[in-house]
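Chemist: Structure file final_23.cif, mmCIF, C-alpha atoms, is pasted below:
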```
data_structure
loop_
_atom_site.group_PDB
_atom_site.id
_atom_site.type_symbol
_atom_site.label_atom_id
_atom_site.label_comp_id
_atom_site.auth_asym_id
_atom_site.auth_seq_id
_atom_site.Cartn_x
_atom_site.Cartn_y
_atom_site.Cartn_z
ATOM 1 C CA MET K 76 61.453 161.628 363.394
ATOM 2 C CA ILE K 77 58.629 160.850 365.776
ATOM 3 C CA GLN K 78 57.078 163.707 367.729
ATOM 4 C CA THR K 79 57.327 163.315 371.519
ATOM 5 C CA ASP K 80 56.884 165.454 374.628
ATOM 6 C CA LYS K 81 60.290 164.708 376.106
ATOM 7 C CA LEU K 82 63.724 163.571 374.963
ATOM 8 C CA LEU K 83 66.173 161.782 377.254
ATOM 9 C CA ASP K 84 69.774 161.367 376.146
ATOM 10 C CA ALA K 85 71.064 158.203 377.849
ATOM 11 C CA LYS K 86 73.757 157.545 375.243
ATOM 12 C CA GLY K 87 76.977 156.121 376.690
ATOM 13 C CA LEU K 88 75.283 155.066 379.915
ATOM 14 C CA VAL K 89 75.380 151.411 380.917
ATOM 15 C CA CYS K 90 72.944 149.219 382.818
ATOM 16 C CA PRO K 91 71.053 150.114 384.956
ATOM 17 C CA MET K 92 71.458 153.857 384.346
ATOM 18 C CA PRO K 93 69.241 154.170 381.213
ATOM 19 C CA ILE K 94 66.352 152.717 383.227
ATOM 20 C CA VAL K 95 67.130 154.744 386.349
ATOM 21 C CA ARG K 96 67.232 157.976 384.320
ATOM 22 C CA THR K 97 64.053 157.083 382.442
ATOM 23 C CA LYS K 98 62.268 156.455 385.714
ATOM 24 C CA LYS K 99 63.390 159.838 387.092
ATOM 25 C CA VAL K 100 62.323 161.796 384.021
ATOM 26 C CA MET K 101 58.974 159.994 383.724
ATOM 27 C CA ASN K 102 58.190 160.839 387.341
ATOM 28 C CA GLU K 103 58.101 164.489 386.277
ATOM 29 C CA MET K 104 55.936 163.913 383.201
ATOM 30 C CA ALA K 105 52.167 164.280 382.975
ATOM 31 C CA PRO K 106 50.024 161.159 382.407
ATOM 32 C CA GLY K 107 49.682 160.373 378.694
ATOM 33 C CA GLU K 108 52.900 162.137 377.684
ATOM 34 C CA VAL K 109 55.413 160.355 375.480
ATOM 35 C CA ILE K 110 59.175 160.173 375.950
ATOM 36 C CA GLU K 111 61.960 159.240 373.526
ATOM 37 C CA VAL K 112 64.955 157.627 375.258
ATOM 38 C CA GLN K 113 68.173 157.472 373.266
ATOM 39 C CA ALA K 114 70.558 154.768 374.475
ATOM 40 C CA THR K 115 73.628 152.928 373.233
ATOM 41 C CA ASP K 116 73.349 150.139 375.832
ATOM 42 C CA LYS K 117 72.088 147.148 373.826
ATOM 43 C CA GLY K 118 70.600 145.589 376.945
ATOM 44 C CA SER K 119 68.245 148.542 377.203
ATOM 45 C CA LEU K 120 66.022 147.025 374.512
ATOM 46 C CA ALA K 121 64.937 144.110 376.694
ATOM 47 C CA ASP K 122 65.104 146.180 379.886
ATOM 48 C CA MET K 123 62.809 148.979 378.647
ATOM 49 C CA LYS K 124 60.092 146.498 377.739
ATOM 50 C CA ALA K 125 60.373 144.688 381.069
ATOM 51 C CA TRP K 126 60.494 147.936 383.033
ATOM 52 C CA ALA K 127 57.437 149.372 381.266
ATOM 53 C CA LYS K 128 55.538 146.193 382.083
ATOM 54 C CA SER K 129 56.429 146.233 385.771
ATOM 55 C CA SER K 130 55.900 149.978 386.199
ATOM 56 C CA GLY K 131 52.573 150.009 384.357
ATOM 57 C CA ASN K 132 53.728 152.403 381.645
ATOM 58 C CA GLN K 133 53.127 151.788 377.975
ATOM 59 C CA TYR K 134 56.062 150.603 375.834
ATOM 60 C CA LEU K 135 55.383 151.805 372.278
ATOM 61 C CA GLY K 136 58.416 150.522 370.416
ATOM 62 C CA SER K 137 62.064 151.054 369.570
ATOM 63 C CA VAL K 138 63.924 152.205 366.475
ATOM 64 C CA GLU K 139 67.567 151.506 365.650
ATOM 65 C CA ASP K 140 69.441 154.472 364.271
ATOM 66 C CA GLY K 141 73.054 153.422 363.690
ATOM 67 C CA ASP K 142 74.504 152.649 367.125
ATOM 68 C CA VAL K 143 71.675 154.443 368.896
ATOM 69 C CA LEU K 144 68.509 152.761 370.101
ATOM 70 C CA LYS K 145 65.517 155.065 370.371
ATOM 71 C CA HIS K 146 62.881 153.794 372.773
ATOM 72 C CA TYR K 147 59.387 155.266 372.965
ATOM 73 C CA LEU K 148 57.294 155.054 376.116
ATOM 74 C CA ARG K 149 54.038 156.664 377.200
ATOM 75 C CA LYS K 150 53.323 157.466 380.804
ATOM 76 C CA ALA K 151 50.426 155.546 382.274
ATOM 77 C CA ASP K 152 47.143 157.427 382.479
ATOM 78 C CA GLN K 153 44.740 155.924 385.010
ATOM 79 C CA SER K 154 41.790 157.905 383.673
ATOM 80 C CA GLU K 155 41.953 155.902 380.430
ATOM 81 C CA GLU K 156 41.360 152.640 382.234
ATOM 82 C CA LYS K 157 37.891 153.466 383.535
ATOM 83 C CA GLU K 158 35.118 152.359 381.272
ATOM 84 C CA GLU K 159 32.838 155.342 381.103
ATOM 85 C CA VAL K 160 32.331 155.826 377.425
ATOM 86 C CA GLN K 161 29.614 158.435 376.951
ATOM 87 C CA PHE K 162 29.354 159.173 373.236
ATOM 88 C CA PRO K 163 26.218 157.290 372.120
ATOM 89 C CA HIS K 164 27.304 156.190 368.637
ATOM 90 C CA THR K 165 29.828 153.378 368.758
ATOM 91 C CA VAL K 166 31.160 150.623 366.508
ATOM 92 C CA THR K 167 32.930 147.393 367.348
ATOM 93 C CA ASN K 168 36.221 146.526 365.691
ATOM 94 C CA ALA K 169 34.461 143.862 363.617
ATOM 95 C CA GLU K 170 32.050 146.512 362.289
ATOM 96 C CA LEU K 171 34.952 148.883 361.668
ATOM 97 C CA GLN K 172 36.740 146.198 359.677
ATOM 98 C CA GLN K 173 33.801 146.125 357.220
ATOM 99 C CA GLN K 174 33.951 149.904 356.679
ATOM 100 C CA LEU K 175 37.627 150.055 355.702
ATOM 101 C CA ASP K 176 37.078 150.036 351.944
ATOM 102 C CA ARG K 177 34.466 152.787 351.868
ATOM 103 C CA ASP K 178 35.487 156.125 350.339
ATOM 104 C CA ASP K 179 33.071 158.155 352.426
ATOM 105 C CA VAL K 180 34.520 157.011 355.749
ATOM 106 C CA ILE K 181 37.492 158.553 357.538
ATOM 107 C CA ILE K 182 39.307 156.529 360.192
ATOM 108 C CA LEU K 183 40.643 159.091 362.672
ATOM 109 C CA ASP K 184 43.370 157.884 365.068
ATOM 110 C CA VAL K 185 43.629 160.299 368.036
ATOM 111 C CA ARG K 186 46.554 158.621 369.838
ATOM 112 C CA GLU K 187 49.953 160.318 370.217
ATOM 113 C CA PRO K 188 52.185 160.354 367.106
ATOM 114 C CA ALA K 189 54.571 157.779 368.628
ATOM 115 C CA GLU K 190 51.731 155.358 369.358
ATOM 116 C CA TYR K 191 50.456 155.798 365.813
ATOM 117 C CA ALA K 192 53.951 155.318 364.384
ATOM 118 C CA PHE K 193 54.383 151.819 365.797
ATOM 119 C CA GLY K 194 51.105 150.420 364.456
ATOM 120 C CA HIS K 195 47.919 151.868 363.015
ATOM 121 C CA ILE K 196 45.115 150.897 360.682
ATOM 122 C CA GLU K 197 46.151 151.453 357.092
ATOM 123 C CA GLY K 198 44.918 154.801 355.800
ATOM 124 C CA ALA K 199 43.985 156.104 359.258
ATOM 125 C CA VAL K 200 44.430 159.864 359.702
ATOM 126 C CA SER K 201 46.588 160.829 362.692
ATOM 127 C CA ILE K 202 45.484 163.802 364.805
ATOM 128 C CA PRO K 203 46.323 163.506 368.526
ATOM 129 C CA LEU K 204 43.414 164.330 370.844
ATOM 130 C CA GLY K 205 45.220 167.401 372.190
ATOM 131 C CA GLU K 206 45.461 168.924 368.703
ATOM 132 C CA LEU K 207 42.007 167.999 367.431
ATOM 133 C CA GLU K 208 40.355 171.226 368.572
ATOM 134 C CA ASN K 209 42.527 173.272 366.184
ATOM 135 C CA ARG K 210 42.739 170.787 363.344
ATOM 136 C CA THR K 211 39.150 169.726 362.656
ATOM 137 C CA GLN K 212 39.209 171.668 359.368
ATOM 138 C CA GLU K 213 41.575 168.981 358.035
ATOM 139 C CA LEU K 214 38.646 166.576 358.073
ATOM 140 C CA ASP K 215 35.781 166.484 355.561
ATOM 141 C CA ALA K 216 32.612 167.058 357.595
ATOM 142 C CA GLU K 217 30.530 165.462 354.809
ATOM 143 C CA LYS K 218 32.098 162.089 355.480
ATOM 144 C CA GLU K 219 31.476 159.627 358.242
ATOM 145 C CA VAL K 220 34.250 159.756 360.857
ATOM 146 C CA ILE K 221 35.140 156.694 362.921
ATOM 147 C CA VAL K 222 37.421 157.673 365.816
ATOM 148 C CA ILE K 223 39.841 155.223 367.391
ATOM 149 C CA CYS K 224 42.483 155.346 370.140
ATOM 150 C CA ARG K 225 44.073 152.741 372.398
ATOM 151 C CA THR K 226 41.169 151.814 374.664
ATOM 152 C CA GLY K 227 38.125 153.808 373.472
ATOM 153 C CA ASN K 228 38.488 156.569 376.022
ATOM 154 C CA ARG K 229 40.332 159.346 374.191
ATOM 155 C CA SER K 230 38.249 158.568 371.093
ATOM 156 C CA ASP K 231 35.124 159.117 373.204
ATOM 157 C CA PHE K 232 36.278 162.684 373.974
ATOM 158 C CA ALA K 233 37.257 163.214 370.346
ATOM 159 C CA ALA K 234 33.880 161.989 369.050
ATOM 160 C CA LYS K 235 32.093 164.453 371.337
ATOM 161 C CA GLN K 236 34.357 167.289 370.162
ATOM 162 C CA LEU K 237 33.653 166.505 366.507
ATOM 163 C CA ALA K 238 29.889 166.316 367.108
ATOM 164 C CA ASP K 239 30.059 169.746 368.792
ATOM 165 C CA LYS K 240 31.878 171.113 365.756
ATOM 166 C CA GLY K 241 29.088 170.062 363.429
ATOM 167 C CA PHE K 242 30.181 166.629 362.260
ATOM 168 C CA THR K 243 26.923 164.718 361.940
ATOM 169 C CA ARG K 244 28.145 161.192 361.283
ATOM 170 C CA VAL K 245 30.686 160.375 364.023
ATOM 171 C CA LYS K 246 31.263 157.020 365.680
ATOM 172 C CA ASN K 247 33.592 155.865 368.434
ATOM 173 C CA ALA K 248 35.451 152.596 367.851
ATOM 174 C CA VAL K 249 35.112 151.666 371.516
ATOM 175 C CA GLU K 250 37.270 148.558 371.561
ATOM 176 C CA GLY K 251 40.334 150.510 370.511
ATOM 177 C CA MET K 252 43.659 149.424 369.061
ATOM 178 C CA THR K 253 44.424 147.117 372.000
ATOM 179 C CA GLN K 254 41.732 144.772 370.702
ATOM 180 C CA TRP K 255 42.316 145.364 367.002
ATOM 181 C CA ASP K 256 43.284 142.118 365.292
ATOM 182 C CA GLY K 257 43.123 143.350 361.701
ATOM 183 C CA ALA K 258 46.082 144.502 359.616
ATOM 184 C CA THR K 259 48.224 147.423 360.743
ATOM 185 C CA GLU K 260 51.063 149.365 359.207
ATOM 186 C CA GLN K 261 53.988 151.239 360.717
ATOM 187 C CA ASN K 262 55.510 154.565 359.789
ATOM 188 C CA LYS K 263 58.540 154.308 357.543
ATOM 189 C CA VAL K 264 61.462 155.459 359.635
ATOM 190 C CA MET H 5 55.066 149.607 395.538
ATOM 191 C CA ALA H 6 55.379 146.913 392.902
ATOM 192 C CA GLY H 7 57.466 144.599 395.039
ATOM 193 C CA LYS H 8 60.118 144.242 397.676
ATOM 194 C CA THR H 9 63.796 143.374 397.262
ATOM 195 C CA ALA H 10 66.097 142.393 400.145
ATOM 196 C CA ILE H 11 69.856 142.241 399.551
ATOM 197 C CA ILE H 12 72.714 141.065 401.759
ATOM 198 C CA ALA H 13 76.117 142.576 400.842
ATOM 199 C CA SER H 14 78.868 140.595 402.557
ATOM 200 C CA ASN H 15 81.865 141.062 400.264
ATOM 201 C CA GLY H 16 83.993 144.115 399.645
ATOM 202 C CA THR H 17 85.537 144.177 396.164
ATOM 203 C CA LEU H 18 84.592 146.494 393.330
ATOM 204 C CA PHE H 19 82.798 143.623 391.581
ATOM 205 C CA ASP H 20 80.643 143.031 394.634
ATOM 206 C CA ALA H 21 79.794 146.723 394.823
ATOM 207 C CA TYR H 22 78.534 146.808 391.226
ATOM 208 C CA LYS H 23 76.494 143.651 391.683
ATOM 209 C CA VAL H 24 74.822 145.062 394.772
ATOM 210 C CA TYR H 25 74.193 148.618 393.592
ATOM 211 C CA ASN H 26 73.155 147.768 390.023
ATOM 212 C CA ILE H 27 70.479 145.364 391.195
ATOM 213 C CA ALA H 28 69.421 147.724 393.991
ATOM 214 C CA THR H 29 69.001 150.783 391.741
ATOM 215 C CA ALA H 30 67.294 148.757 389.009
ATOM 216 C CA ALA H 31 64.859 147.321 391.554
ATOM 217 C CA ALA H 32 64.177 150.751 393.050
ATOM 218 C CA ALA H 33 63.606 152.211 389.576
ATOM 219 C CA SER H 34 61.060 149.437 389.025
ATOM 220 C CA ASP H 35 59.153 150.654 392.082
ATOM 221 C CA HIS H 36 60.460 148.028 394.474
ATOM 222 C CA GLU H 37 60.995 148.807 398.124
ATOM 223 C CA VAL H 38 64.682 147.952 398.572
ATOM 224 C CA ALA H 39 66.896 147.369 401.607
ATOM 225 C CA ILE H 40 70.559 146.333 401.663
ATOM 226 C CA PHE H 41 72.080 144.762 404.757
ATOM 227 C CA PHE H 42 75.849 145.423 404.820
ATOM 228 C CA THR H 43 77.848 142.926 406.845
ATOM 229 C CA PHE H 44 81.523 141.828 407.157
ATOM 230 C CA GLU H 45 83.546 143.058 404.153
ATOM 231 C CA GLY H 46 80.302 144.324 402.677
ATOM 232 C CA LEU H 47 80.621 147.266 405.051
ATOM 233 C CA ASN H 48 83.358 148.601 402.731
ATOM 234 C CA LEU H 49 80.649 149.400 400.172
ATOM 235 C CA ILE H 50 79.309 152.179 402.408
ATOM 236 C CA ASN H 51 82.535 153.078 404.254
ATOM 237 C CA LYS H 52 83.360 156.718 403.411
ATOM 238 C CA GLU H 53 87.116 156.034 403.325
ATOM 239 C CA ALA H 54 86.857 152.827 401.312
ATOM 240 C CA TYR H 55 83.938 152.980 398.895
ATOM 241 C CA GLY H 56 85.635 155.327 396.426
ATOM 242 C CA GLN H 57 88.655 153.042 395.995
ATOM 243 C CA LEU H 58 87.446 149.478 396.320
ATOM 244 C CA PRO H 59 89.950 146.859 395.167
ATOM 245 C CA LEU H 60 89.429 144.559 392.206
ATOM 246 C CA PRO H 61 89.362 140.872 393.098
ATOM 247 C CA GLU H 62 92.817 139.278 393.173
ATOM 248 C CA GLY H 63 94.031 138.315 389.715
ATOM 249 C CA LYS H 64 91.405 140.543 388.018
ATOM 250 C CA GLU H 65 93.375 143.783 388.192
ATOM 251 C CA HIS H 66 93.538 143.993 384.394
ATOM 252 C CA ILE H 67 89.764 144.631 384.292
ATOM 253 C CA ALA H 68 90.429 148.161 385.610
ATOM 254 C CA GLU H 69 90.942 149.304 382.026
ATOM 255 C CA GLY H 70 87.559 147.928 381.013
ATOM 256 C CA PHE H 71 85.868 149.878 383.788
ATOM 257 C CA ALA H 72 87.610 153.070 382.682
ATOM 258 C CA LYS H 73 86.563 152.571 379.057
ATOM 259 C CA GLY H 74 83.061 151.279 379.768
ATOM 260 C CA ASN H 75 81.755 154.595 381.093
ATOM 261 C CA VAL H 76 80.556 152.786 384.194
ATOM 262 C CA PRO H 77 79.383 155.132 386.965
ATOM 263 C CA ALA H 78 81.666 155.365 390.015
ATOM 264 C CA ILE H 79 80.511 153.616 393.174
ATOM 265 C CA PRO H 80 79.908 156.847 395.152
ATOM 266 C CA GLU H 81 77.696 157.979 392.259
ATOM 267 C CA LEU H 82 75.681 154.744 392.416
ATOM 268 C CA VAL H 83 75.364 155.076 396.193
ATOM 269 C CA GLU H 84 73.953 158.572 395.783
ATOM 270 C CA MET H 85 71.579 157.345 393.091
ATOM 271 C CA ALA H 86 70.417 154.451 395.286
ATOM 272 C CA GLN H 87 69.747 156.778 398.211
ATOM 273 C CA GLU H 88 67.842 159.200 395.992
ATOM 274 C CA LEU H 89 65.649 156.265 394.980
ATOM 275 C CA ASP H 90 64.970 155.552 398.669
ATOM 276 C CA VAL H 91 67.037 152.371 398.917
ATOM 277 C CA LYS H 92 67.430 151.649 402.615
ATOM 278 C CA PHE H 93 70.964 150.935 403.895
ATOM 279 C CA ILE H 94 71.353 148.872 407.046
ATOM 280 C CA GLY H 95 74.808 148.490 408.637
ATOM 281 C CA CYS H 96 75.353 145.352 410.663
ATOM 282 C CA GLN H 97 75.964 146.373 414.269
ATOM 283 C CA MET H 98 77.756 143.176 415.174
ATOM 284 C CA THR H 99 80.435 143.458 412.449
ATOM 285 C CA MET H 100 80.782 147.205 413.013
ATOM 286 C CA ASP H 101 81.667 146.453 416.638
ATOM 287 C CA LEU H 102 83.988 143.682 415.526
ATOM 288 C CA PHE H 103 85.873 146.036 413.180
ATOM 289 C CA GLY H 104 85.785 148.903 415.695
ATOM 290 C CA LEU H 105 83.738 151.176 413.404
ATOM 291 C CA GLU H 106 81.202 153.821 414.439
ATOM 292 C CA LYS H 107 78.179 154.962 412.413
ATOM 293 C CA GLU H 108 80.114 158.153 411.479
ATOM 294 C CA ALA H 109 82.542 156.086 409.383
ATOM 295 C CA PHE H 110 79.771 155.399 406.876
ATOM 296 C CA VAL H 111 77.823 157.419 404.330
ATOM 297 C CA ASP H 112 75.011 159.530 405.753
ATOM 298 C CA GLY H 113 71.520 158.170 406.083
ATOM 299 C CA ILE H 114 72.252 154.582 407.065
ATOM 300 C CA ASP H 115 70.394 152.636 409.707
ATOM 301 C CA VAL H 116 72.250 150.353 412.051
ATOM 302 C CA GLY H 117 70.715 147.089 413.110
ATOM 303 C CA GLY H 118 71.155 143.415 413.720
ATOM 304 C CA ALA H 119 70.176 140.276 411.881
ATOM 305 C CA VAL H 120 66.598 140.525 413.067
ATOM 306 C CA THR H 121 66.220 144.007 411.557
ATOM 307 C CA PHE H 122 67.078 142.548 408.169
ATOM 308 C CA LEU H 123 64.939 139.445 408.634
ATOM 309 C CA GLU H 124 61.956 141.587 409.554
ATOM 310 C CA PHE H 125 62.298 143.404 406.222
ATOM 311 C CA ALA H 126 63.129 140.271 404.211
ATOM 312 C CA LYS H 127 60.432 137.950 405.518
ATOM 313 C CA ASP H 128 57.863 139.084 402.965
ATOM 314 C CA ALA H 129 60.258 140.199 400.195
ATOM 315 C CA ASP H 130 59.595 139.113 396.621
ATOM 316 C CA VAL H 131 63.315 138.988 395.773
ATOM 317 C CA THR H 132 66.101 138.092 398.193
ATOM 318 C CA LEU H 133 69.741 138.156 397.085
ATOM 319 C CA THR H 134 73.107 137.621 398.677
ATOM 320 C CA PHE H 135 76.357 138.989 397.304
#
```
What do you get writing this file as structure tokens?

Modeler:
Amino acid sequence: MIQTDKLLDAKGLVCPMPIVRTKKVMNEMAPGEVIEVQATDKGSLADMKAWAKSSGNQYLGSVEDGDVLKHYLRKADQSEEKEEVQFPHTVTNAELQQQLDRDDVIILDVREPAEYAFGHIEGAVSIPLGELENRTQELDAEKEVIVICRTGNRSDFAAKQLADKGFTRVKNAVEGMTQWDGATEQNKV
Amino acid sequence: MAGKTAIIASNGTLFDAYKVYNIATAAAASDHEVAIFFTFEGLNLINKEAYGQLPLPEGKEHIAEGFAKGNVPAIPELVEMAQELDVKFIGCQMTMDLFGLEKEAFVDGIDVGGAVTFLEFAKDADVTLTF
């Protein structure tokens, strides 16, 4: 079970209705929100990917559950595309790669649960940016925290939040998961 | 808009209707600006009396069962969906005159125009299709 903001039941619908319905529902969603689309149309697998590409939304992945295909998409958020990273302490992905084995370093992934589910750095802790404010006590403030998201933008906000809460060794992995070429793991579904 | 799709609908069976409206709604859902030019038998696809009971092509009548089982949306439903997605319908004036049909015979919200109206829309389209 992957946590999402919206669920669309498109089971039993045939092409092009799963896409048409998805489009309608996503129009009403806020940027950055994640939708789960349940469909039985096998063609929807290829169509969802193609549609996400042409509409500029983010296709996260699909899961097969018996006859039902569950597709996960995240609504495009223009504000993430601008490159205005402000938190002063940053690391590149190459530098992050060298820190992975250290016990005193926490990798904090602040993307949405569905983004995390379809590929994250092994051992990374998942706390979505929107929940970080209330969940910082889950993190050990004595350790160094390296924050990562998709493009370095949400992690920039998160790094600032952690610094304000008294975390002294925080770094933003500015390149984000889009440029990560190291190993990843997926959630067991 | 991510692109522009221009469609000519010139045939009037149920198969033709699905080809036209499936591509049109899919294109509109992908943020294309879409216009369909209905001409000759294609006018049946927007004719209020005809579009709810379009015939299957000759010799293909047995497919009716497949449509019933396949949970395929009815044509009037697809028309409504297409219009909600801002697909533009253009009725061909010349064939309407030929068949003795007025604008009132067709679903609401259509434009009526000639070949040039369609060409004006289609001249810079990314996708142009004829059914």

Chemist: For chain K against chain H, which residues fall within 10 Å using only C-alpha atoms, given as a VMD selection string?

Modeler: chain K and resid 87 to 99 122 125 to 131

Chemist: Let me see the file: selected residues, C-alpha atoms, as a PDB file, in the frame of the given file.

Modeler:
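out28.pdb, freshly written:
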```pdb
ATOM      1  CA  GLY K  87      76.977 156.121 376.690  1.00  0.00           C
ATOM      2  CA  LEU K  88      75.283 155.066 379.915  1.00  0.00           C
ATOM      3  CA  VAL K  89      75.380 151.411 380.917  1.00  0.00           C
ATOM      4  CA  CYS K  90      72.944 149.219 382.818  1.00  0.00           C
ATOM      5  CA  PRO K  91      71.053 150.114 384.956  1.00  0.00           C
ATOM      6  CA  MET K  92      71.458 153.857 384.346  1.00  0.00           C
ATOM      7  CA  PRO K  93      69.241 154.170 381.213  1.00  0.00           C
ATOM      8  CA  ILE K  94      66.352 152.717 383.227  1.00  0.00           C
ATOM      9  CA  VAL K  95      67.130 154.744 386.349  1.00  0.00           C
ATOM     10  CA  ARG K  96      67.232 157.976 384.320  1.00  0.00           C
ATOM     11  CA  THR K  97      64.053 157.083 382.442  1.00  0.00           C
ATOM     12  CA  LYS K  98      62.268 156.455 385.714  1.00  0.00           C
ATOM     13  CA  LYS K  99      63.390 159.838 387.092  1.00  0.00           C
ATOM     14  CA  ASP K 122      65.104 146.180 379.886  1.00  0.00           C
ATOM     15  CA  ALA K 125      60.373 144.688 381.069  1.00  0.00           C
ATOM     16  CA  TRP K 126      60.494 147.936 383.033  1.00  0.00           C
ATOM     17  CA  ALA K 127      57.437 149.372 381.266  1.00  0.00           C
ATOM     18  CA  LYS K 128      55.538 146.193 382.083  1.00  0.00           C
ATOM     19  CA  SER K 129      56.429 146.233 385.771  1.00  0.00           C
ATOM     20  CA  SER K 130      55.900 149.978 386.199  1.00  0.00           C
ATOM     21  CA  GLY K 131      52.573 150.009 384.357  1.00  0.00           C
TER      22      GLY K 131
END
```

Chemist: Find, counting all atoms listed in the file, the residue in K:Phe242, K:Phe232, K:Phe193, K:Tyr147 that gets nearest to K:Gly205.

Modeler: K:Phe232

Chemist: Could you write out as a list in words the residues that the PyMOL selection byres ((chain H and resi 96) around 7) matches in the shown file?

Modeler: Phe41, Phe42, Thr43, Ile94, Gly95, Gln97, Met98, Thr99, Met100, Val116, Gly117 and Gly118 of chain H

Chemist: Excluding same-chain residues fewer than 6 positions from K:Asp176, what lies within 12 Å of it counting only C-alpha atoms, as a VMD selection string?

Modeler: chain K and resid 182 196 to 199

Chemist: Selection in question (the file shown): the PyMOL selection byres ((chain K and resi 148) around 8). Which residues does it include, as a list of chain:residue names?

Modeler: K:Val109, K:Ile110, K:Glu111, K:Ala127, K:Asn132, K:Gln133, K:Tyr134, K:Leu135, K:Gly136, K:His146, K:Tyr147, K:Arg149, K:Lys150

Chemist: For K:Thr226, list every protein, DNA or RNA residue within 7 Å, evaluated using all atoms listed in the file, and leave out those in the same chain fewer than 2 positions away; present the list as an MDAnalysis selection string.

Modeler: chainID K and resid 224 228 249:253

Chemist: Expanded to explicit residues, what is the PyMOL selection byres ((chain K and resi 206) around 12) for this file, as a list in words?

Modeler: Asp184, Val185, Arg186, Glu187, Pro188, Ser201, Ile202, Pro203, Leu204, Gly205, Leu207, Glu208, Asn209, Arg210, Thr211, Gln212, Glu213, Ala233 and Gln236 of chain K

Chemist: Could you give me, as a PDB file with C-alpha atoms, in the coordinates of the input, the residues within 12 Å of K:Arg177, counting only C-alpha atoms and dropping anything in the same chain fewer than 5 positions from it?

Modeler:
```pdb
ATOM      1  CA  LEU K 171      34.952 148.883 361.668  1.00  0.00           C
ATOM      2  CA  GLN K 172      36.740 146.198 359.677  1.00  0.00           C
ATOM      3  CA  ILE K 182      39.307 156.529 360.192  1.00  0.00           C
ATOM      4  CA  GLY K 198      44.918 154.801 355.800  1.00  0.00           C
ATOM      5  CA  LYS K 218      32.098 162.089 355.480  1.00  0.00           C
ATOM      6  CA  GLU K 219      31.476 159.627 358.242  1.00  0.00           C
ATOM      7  CA  VAL K 220      34.250 159.756 360.857  1.00  0.00           C
ATOM      8  CA  ILE K 221      35.140 156.694 362.921  1.00  0.00           C
TER       9      ILE K 221
END
```
